[in-house]
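Heads up, the thing below is written out as structure tokens.
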Amino acid sequence: VQRLKRAGFALGGVTNKPDFRAREIVGKFYPGLFDRVQGHTTEFPHKPDPALTNDVLASLGAPAQNSFFVGDSGVDMQTARNAGLTGIGVLWGFRDGAELSQNGAAALVSTAQELLDILLHHTV
């Protein structure tokens with residue numbers, strides 16, 4: 001995350017977890033690195049609805065065609081697709097590669113270095 005931030009990436013987080021919990025966790029483990037973190041509130045429907053993701057993108061000034069959605073579930077990949085983003089599935093998370101691929105992942109990565117390489121070089 002630090003390397004992406006140093007490279008000039010705007011970083012946002014979107015989760016179906018409650019907003020207060022999302023902010024607490026990201027603040028503890030990634031202090032000052034994310035430009036916006038947004039968990040679920042009553043204002044937006046849950047993912048895979050793209051409304052919350054689109055709101056975060058707009059607040060970051062990040063057009064969908066130049067953005068990525070990194071996630072570890074089929075719902076994350078559906079959210080990416082619904083918001084017009086390139087979905088990248090990480091294999092160290094919640095679900096396996098088959099679920100991520102079946103739900104539209106443009107790439108699957110096994111390590112943080114693989115993810116960093118894709119994001120820095122836009123190779124998806």
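Identifiers for the structure tokens are assigned positionally: chains receive A, B, ... in sequence, residues are indexed from 1 per chain, and ligands are indexed from 1 in the order shown.
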
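All residues of protein, DNA or RNA that reach within 6 Å of stretch 103-112 of chain A, judged by only C-alpha atoms and not counting those fewer than 2 positions away in the chain, are Gly74, Met77, Gln78, Gly87, Ile88, Gly89, Val90, Leu91, Leu100, Ser101, Glu114 and Leu115 of chain A.
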
Would you save the residues from that selection as a compact mmCIF listing (two decimals), in the first residue's frame, using C-alpha atoms?
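New file result.txt:
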# COMPACT_ATOMS: atom_id res chain seq x y z
CA GLY A 74 -17.09 -13.13 -6.07
CA MET A 77 -15.55 -9.06 -8.74
CA GLN A 78 -19.26 -8.45 -9.43
CA GLY A 87 -11.35 -6.53 -11.07
CA ILE A 88 -8.24 -8.18 -9.65
CA GLY A 89 -8.77 -11.18 -7.40
CA VAL A 90 -6.37 -11.92 -4.57
CA LEU A 91 -5.92 -15.57 -3.69
CA LEU A 100 -13.12 -15.04 -8.51
CA SER A 101 -12.72 -16.04 -12.17
CA GLU A 114 2.22 -9.75 -8.24
CA LEU A 115 -0.54 -7.29 -7.38

| task | Give the strand (DSSP E) residues of stretch 35-116 of chain A, as assigned by DSSP on the backbone, as a list in words. | result |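 Restricting stretch 35-116 of chain A to strand (DSSP E) produces Arg36, Val37, Gln38, Gly39, His40, Phe68, Phe69, Val70, Gly71, Thr86, Gly87, Ile88, Gly89, Val90, Ala107, Leu108 and Val109 of chain A.
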
Closest pair table for stretch 26-90 of chain A residues within 12 Å of stretch 6-10 of chain A, only C-alpha atoms, as JSON lines:
{"residue": "A:Gly32", "atom": "CA", "partner": "A:Ala10", "partner_atom": "CA", "distance": 11.9}
{"residue": "A:Leu33", "atom": "CA", "partner": "A:Ala10", "partner_atom": "CA", "distance": 9.2}
{"residue": "A:Phe34", "atom": "CA", "partner": "A:Ala10", "partner_atom": "CA", "distance": 7.5}
{"residue": "A:Asp35", "atom": "CA", "partner": "A:Ala10", "partner_atom": "CA", "distance": 6.3}
{"residue": "A:Arg36", "atom": "CA", "partner": "A:Ala10", "partner_atom": "CA", "distance": 8.7}
{"residue": "A:Val37", "atom": "CA", "partner": "A:Ala10", "partner_atom": "CA", "distance": 11.4}
{"residue": "A:Val56", "atom": "CA", "partner": "A:Ala10", "partner_atom": "CA", "distance": 10.5}
{"residue": "A:Leu57", "atom": "CA", "partner": "A:Ala10", "partner_atom": "CA", "distance": 9.3}
{"residue": "A:Ala58", "atom": "CA", "partner": "A:Ala10", "partner_atom": "CA", "distance": 11.3}
{"residue": "A:Ser59", "atom": "CA", "partner": "A:Ala10", "partner_atom": "CA", "distance": 10.2}
{"residue": "A:Leu60", "atom": "CA", "partner": "A:Ala10", "partner_atom": "CA", "distance": 6.6}
{"residue": "A:Gly61", "atom": "CA", "partner": "A:Ala10", "partner_atom": "CA", "distance": 8.6}
{"residue": "A:Ala62", "atom": "CA", "partner": "A:Ala10", "partner_atom": "CA", "distance": 7.6}
{"residue": "A:Pro63", "atom": "CA", "partner": "A:Ala10", "partner_atom": "CA", "distance": 11.1}
{"residue": "A:Asn66", "atom": "CA", "partner": "A:Phe9", "partner_atom": "CA", "distance": 10.6}
{"residue": "A:Ser67", "atom": "CA", "partner": "A:Ala10", "partner_atom": "CA", "distance": 9.3}
{"residue": "A:Phe68", "atom": "CA", "partner": "A:Phe9", "partner_atom": "CA", "distance": 10.7}

Expected file contents, prior selection, all heavy atoms, as a tab-separated table (two decimals), in the first residue's frame:
chain	number	residue	atom	x	y	z
A	32	GLY	N	-3.20	6.77	7.57
A	32	GLY	CA	-2.84	7.82	6.63
A	32	GLY	C	-2.60	7.40	5.20
A	32	GLY	O	-2.23	8.22	4.38
A	33	LEU	N	-2.81	6.13	4.87
A	33	LEU	CA	-2.48	5.66	3.52
A	33	LEU	C	-3.68	5.66	2.57
A	33	LEU	O	-3.50	5.81	1.37
A	33	LEU	CB	-1.86	4.27	3.56
A	33	LEU	CG	-0.48	4.21	4.23
A	33	LEU	CD1	0.01	2.77	4.29
A	33	LEU	CD2	0.51	5.09	3.50
A	34	PHE	N	-4.87	5.49	3.08
A	34	PHE	CA	-6.04	5.48	2.22
A	34	PHE	C	-6.67	6.87	2.18
A	34	PHE	O	-6.83	7.52	3.21
A	34	PHE	CB	-7.07	4.45	2.71
A	34	PHE	CG	-6.73	3.05	2.28
A	34	PHE	CD1	-5.78	2.32	2.97
A	34	PHE	CD2	-7.35	2.48	1.19
A	34	PHE	CE1	-5.46	1.03	2.58
A	34	PHE	CE2	-7.04	1.19	0.79
A	34	PHE	CZ	-6.08	0.47	1.49
A	35	ASP	N	-7.01	7.30	0.99
A	35	ASP	CA	-7.64	8.60	0.82
A	35	ASP	C	-9.10	8.59	1.26
A	35	ASP	O	-9.62	9.61	1.71
A	35	ASP	CB	-7.54	9.04	-0.65
A	35	ASP	CG	-6.09	9.14	-1.08
A	35	ASP	OD1	-5.39	10.02	-0.56
A	35	ASP	OD2	-5.65	8.31	-1.91
A	36	ARG	N	-9.74	7.44	1.11
A	36	ARG	CA	-11.12	7.30	1.57
A	36	ARG	C	-11.41	5.84	1.83
A	36	ARG	O	-11.09	4.98	1.01
A	36	ARG	CB	-12.11	7.85	0.55
A	36	ARG	CG	-13.55	7.66	1.03
A	36	ARG	CD	-14.54	8.56	0.39
A	36	ARG	NE	-15.89	8.22	0.83
A	36	ARG	CZ	-16.95	8.32	0.07
A	36	ARG	NH1	-16.85	8.80	-1.15
A	36	ARG	NH2	-18.14	7.98	0.52
A	37	VAL	N	-12.00	5.57	2.95
A	37	VAL	CA	-12.48	4.24	3.31
A	37	VAL	C	-13.96	4.38	3.64
A	37	VAL	O	-14.34	5.27	4.39
A	37	VAL	CB	-11.72	3.67	4.53
A	37	VAL	CG1	-12.32	2.36	4.98
A	37	VAL	CG2	-10.24	3.52	4.20
A	56	VAL	N	-17.22	6.58	-4.03
A	56	VAL	CA	-15.82	6.66	-3.61
A	56	VAL	C	-14.95	7.10	-4.78
A	56	VAL	O	-14.09	7.98	-4.64
A	56	VAL	CB	-15.35	5.32	-3.00
A	56	VAL	CG1	-13.83	5.31	-2.81
A	56	VAL	CG2	-16.06	5.06	-1.68
A	57	LEU	N	-15.16	6.52	-5.95
A	57	LEU	CA	-14.39	6.92	-7.14
A	57	LEU	C	-14.56	8.42	-7.42
A	57	LEU	O	-13.58	9.12	-7.67
A	57	LEU	CB	-14.83	6.12	-8.36
A	57	LEU	CG	-14.40	4.67	-8.43
A	57	LEU	CD1	-15.11	3.96	-9.56
A	57	LEU	CD2	-12.90	4.55	-8.58
A	58	ALA	N	-15.78	8.89	-7.37
A	58	ALA	CA	-16.04	10.31	-7.64
A	58	ALA	C	-15.33	11.20	-6.63
A	58	ALA	O	-14.74	12.23	-6.99
A	58	ALA	CB	-17.54	10.58	-7.65
A	59	SER	N	-15.35	10.79	-5.37
A	59	SER	CA	-14.70	11.62	-4.34
A	59	SER	C	-13.19	11.65	-4.51
A	59	SER	O	-12.54	12.61	-4.08
A	59	SER	CB	-15.08	11.11	-2.95
A	59	SER	OG	-14.41	9.91	-2.64
A	60	LEU	N	-12.64	10.63	-5.15
A	60	LEU	CA	-11.19	10.57	-5.39
A	60	LEU	C	-10.81	11.19	-6.73
A	60	LEU	O	-9.62	11.30	-7.04
A	60	LEU	CB	-10.72	9.12	-5.35
A	60	LEU	CG	-10.90	8.38	-4.03
A	60	LEU	CD1	-10.48	6.93	-4.18
A	60	LEU	CD2	-10.12	9.07	-2.91
A	61	GLY	N	-11.82	11.54	-7.54
A	61	GLY	CA	-11.54	12.04	-8.88
A	61	GLY	C	-10.94	10.96	-9.76
A	61	GLY	O	-10.13	11.26	-10.64
A	62	ALA	N	-11.35	9.73	-9.54
A	62	ALA	CA	-10.77	8.58	-10.23
A	62	ALA	C	-11.77	8.01	-11.24
A	62	ALA	O	-12.76	7.41	-10.84
A	62	ALA	CB	-10.38	7.50	-9.22
A	63	PRO	N	-11.52	8.18	-12.54
A	63	PRO	CA	-12.43	7.60	-13.54
A	63	PRO	C	-12.34	6.07	-13.53
A	63	PRO	O	-11.26	5.50	-13.34
A	63	PRO	CB	-11.93	8.18	-14.86
A	63	PRO	CG	-10.56	8.67	-14.61
A	63	PRO	CD	-10.42	8.92	-13.14
A	66	ASN	N	-9.71	4.08	-15.49
A	66	ASN	CA	-8.33	4.13	-15.02
A	66	ASN	C	-8.17	3.55	-13.62
A	66	ASN	O	-7.16	3.79	-12.97
A	66	ASN	CB	-7.82	5.58	-15.01
A	66	ASN	CG	-7.75	6.16	-16.39
A	66	ASN	OD1	-7.64	5.45	-17.38
A	66	ASN	ND2	-7.85	7.47	-16.47
A	67	SER	N	-9.17	2.81	-13.17
A	67	SER	CA	-9.18	2.33	-11.79
A	67	SER	C	-9.29	0.82	-11.73
A	67	SER	O	-9.74	0.17	-12.67
A	67	SER	CB	-10.34	2.96	-11.03
A	67	SER	OG	-10.23	4.37	-11.04
A	68	PHE	N	-8.87	0.29	-10.60
A	68	PHE	CA	-8.93	-1.15	-10.34
A	68	PHE	C	-9.74	-1.39	-9.07
A	68	PHE	O	-9.77	-0.56	-8.18
A	68	PHE	CB	-7.52	-1.71	-10.11
A	68	PHE	CG	-6.60	-1.56	-11.28
A	68	PHE	CD1	-5.79	-0.46	-11.42
A	68	PHE	CD2	-6.56	-2.54	-12.26
A	68	PHE	CE1	-4.94	-0.31	-12.49
A	68	PHE	CE2	-5.71	-2.42	-13.35
A	68	PHE	CZ	-4.90	-1.30	-13.47

Give me the residues near stretch 94-96 of chain A as a compact mmCIF listing (two decimals) with N, CA, C and O atoms, in the first residue's frame, where near means some atom within 6 Å (using only C-alpha atoms) and where sequence neighbours in that chain fewer than 2 positions away do not count.
# COMPACT_ATOMS: atom_id res chain seq x y z
N ASP A 72 -11.32 -10.11 -2.75
CA ASP A 72 -11.10 -11.53 -2.48
C ASP A 72 -12.37 -12.36 -2.53
O ASP A 72 -12.41 -13.46 -2.01
N SER A 73 -13.41 -11.83 -3.19
CA SER A 73 -14.67 -12.59 -3.26
C SER A 73 -15.36 -12.38 -4.60
O SER A 73 -15.07 -11.42 -5.32
N ALA A 98 -11.40 -20.05 -8.50
CA ALA A 98 -12.52 -20.42 -9.36
C ALA A 98 -13.68 -19.43 -9.18
O ALA A 98 -14.26 -18.95 -10.15
N GLU A 99 -14.00 -19.12 -7.92
CA GLU A 99 -15.09 -18.17 -7.68
C GLU A 99 -14.75 -16.79 -8.23
O GLU A 99 -15.59 -16.13 -8.84

| request: Would you work out the distance separating atom CA of A:Gly97 from atom CA of A:Glu24, expressed in Å to one decimal? | output: 28.7 Å

| message | To test your reading of the structure, identify every residue in chain A that backbone DSSP assigns to alpha helix (DSSP H), and report it as JSON, numbers by chain. | response | {"A": [2, 3, 4, 5, 6, 19, 20, 21, 22, 23, 24, 25, 26, 27, 28, 29, 51, 52, 53, 54, 55, 56, 57, 58, 59, 60, 74, 75, 76, 77, 78, 79, 80, 81, 82, 97, 98, 99, 100, 101, 102, 112, 113, 114, 115, 116, 117, 118, 119, 120, 121]}

Could you please take those selected residues and save C-alpha atoms as a short mmCIF file (atom, residue, chain, number, x, y, z; two decimals), in the first residue's frame?
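Once everything was written out, this is part21.cif:
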data_model
loop_
_atom_site.label_atom_id
_atom_site.label_comp_id
_atom_site.auth_asym_id
_atom_site.auth_seq_id
_atom_site.Cartn_x
_atom_site.Cartn_y
_atom_site.Cartn_z
CA GLN A 2 2.84 2.38 0.83
CA ARG A 3 4.48 1.84 -2.57
CA LEU A 4 1.21 2.57 -4.36
CA LYS A 5 0.74 5.72 -2.34
CA ARG A 6 4.31 6.84 -3.11
CA ASP A 19 -18.54 1.85 8.27
CA PHE A 20 -17.24 2.49 11.79
CA ARG A 21 -15.48 -0.89 11.81
CA ALA A 22 -13.96 -0.41 8.36
CA ARG A 23 -12.51 2.96 9.32
CA GLU A 24 -11.23 1.61 12.62
CA ILE A 25 -9.42 -1.34 11.02
CA VAL A 26 -7.89 0.61 8.13
CA GLY A 27 -6.87 3.42 10.49
CA LYS A 28 -5.11 0.95 12.76
CA PHE A 29 -3.25 -1.06 10.12
CA ALA A 51 -23.39 2.98 -5.94
CA LEU A 52 -20.94 3.11 -3.02
CA THR A 53 -17.97 2.28 -5.24
CA ASN A 54 -19.00 4.97 -7.71
CA ASP A 55 -19.32 7.48 -4.87
CA VAL A 56 -15.82 6.66 -3.61
CA LEU A 57 -14.39 6.92 -7.14
CA ALA A 58 -16.04 10.31 -7.64
CA SER A 59 -14.70 11.62 -4.34
CA LEU A 60 -11.19 10.57 -5.39
CA GLY A 74 -17.09 -13.13 -6.07
CA VAL A 75 -19.10 -10.17 -4.75
CA ASP A 76 -16.01 -7.99 -5.12
CA MET A 77 -15.55 -9.06 -8.74
CA GLN A 78 -19.26 -8.45 -9.43
CA THR A 79 -18.91 -5.01 -7.87
CA ALA A 80 -15.93 -4.27 -10.11
CA ARG A 81 -17.90 -5.29 -13.19
CA ASN A 82 -21.00 -3.36 -12.13
CA GLY A 97 -9.63 -18.58 -7.73
CA ALA A 98 -12.52 -20.42 -9.36
CA GLU A 99 -15.09 -18.17 -7.68
CA LEU A 100 -13.12 -15.04 -8.51
CA SER A 101 -12.72 -16.04 -12.17
CA GLN A 102 -16.36 -17.08 -12.54
CA ALA A 112 1.35 -8.75 -2.94
CA GLN A 113 4.29 -8.37 -5.35
CA GLU A 114 2.22 -9.75 -8.24
CA LEU A 115 -0.54 -7.29 -7.38
CA LEU A 116 1.91 -4.41 -7.17
CA ASP A 117 3.40 -5.31 -10.56
CA ILE A 118 -0.02 -5.32 -12.22
CA LEU A 119 -1.10 -2.04 -10.64
CA LEU A 120 2.15 -0.19 -11.30
CA HIS A 121 2.44 -1.37 -14.89
#
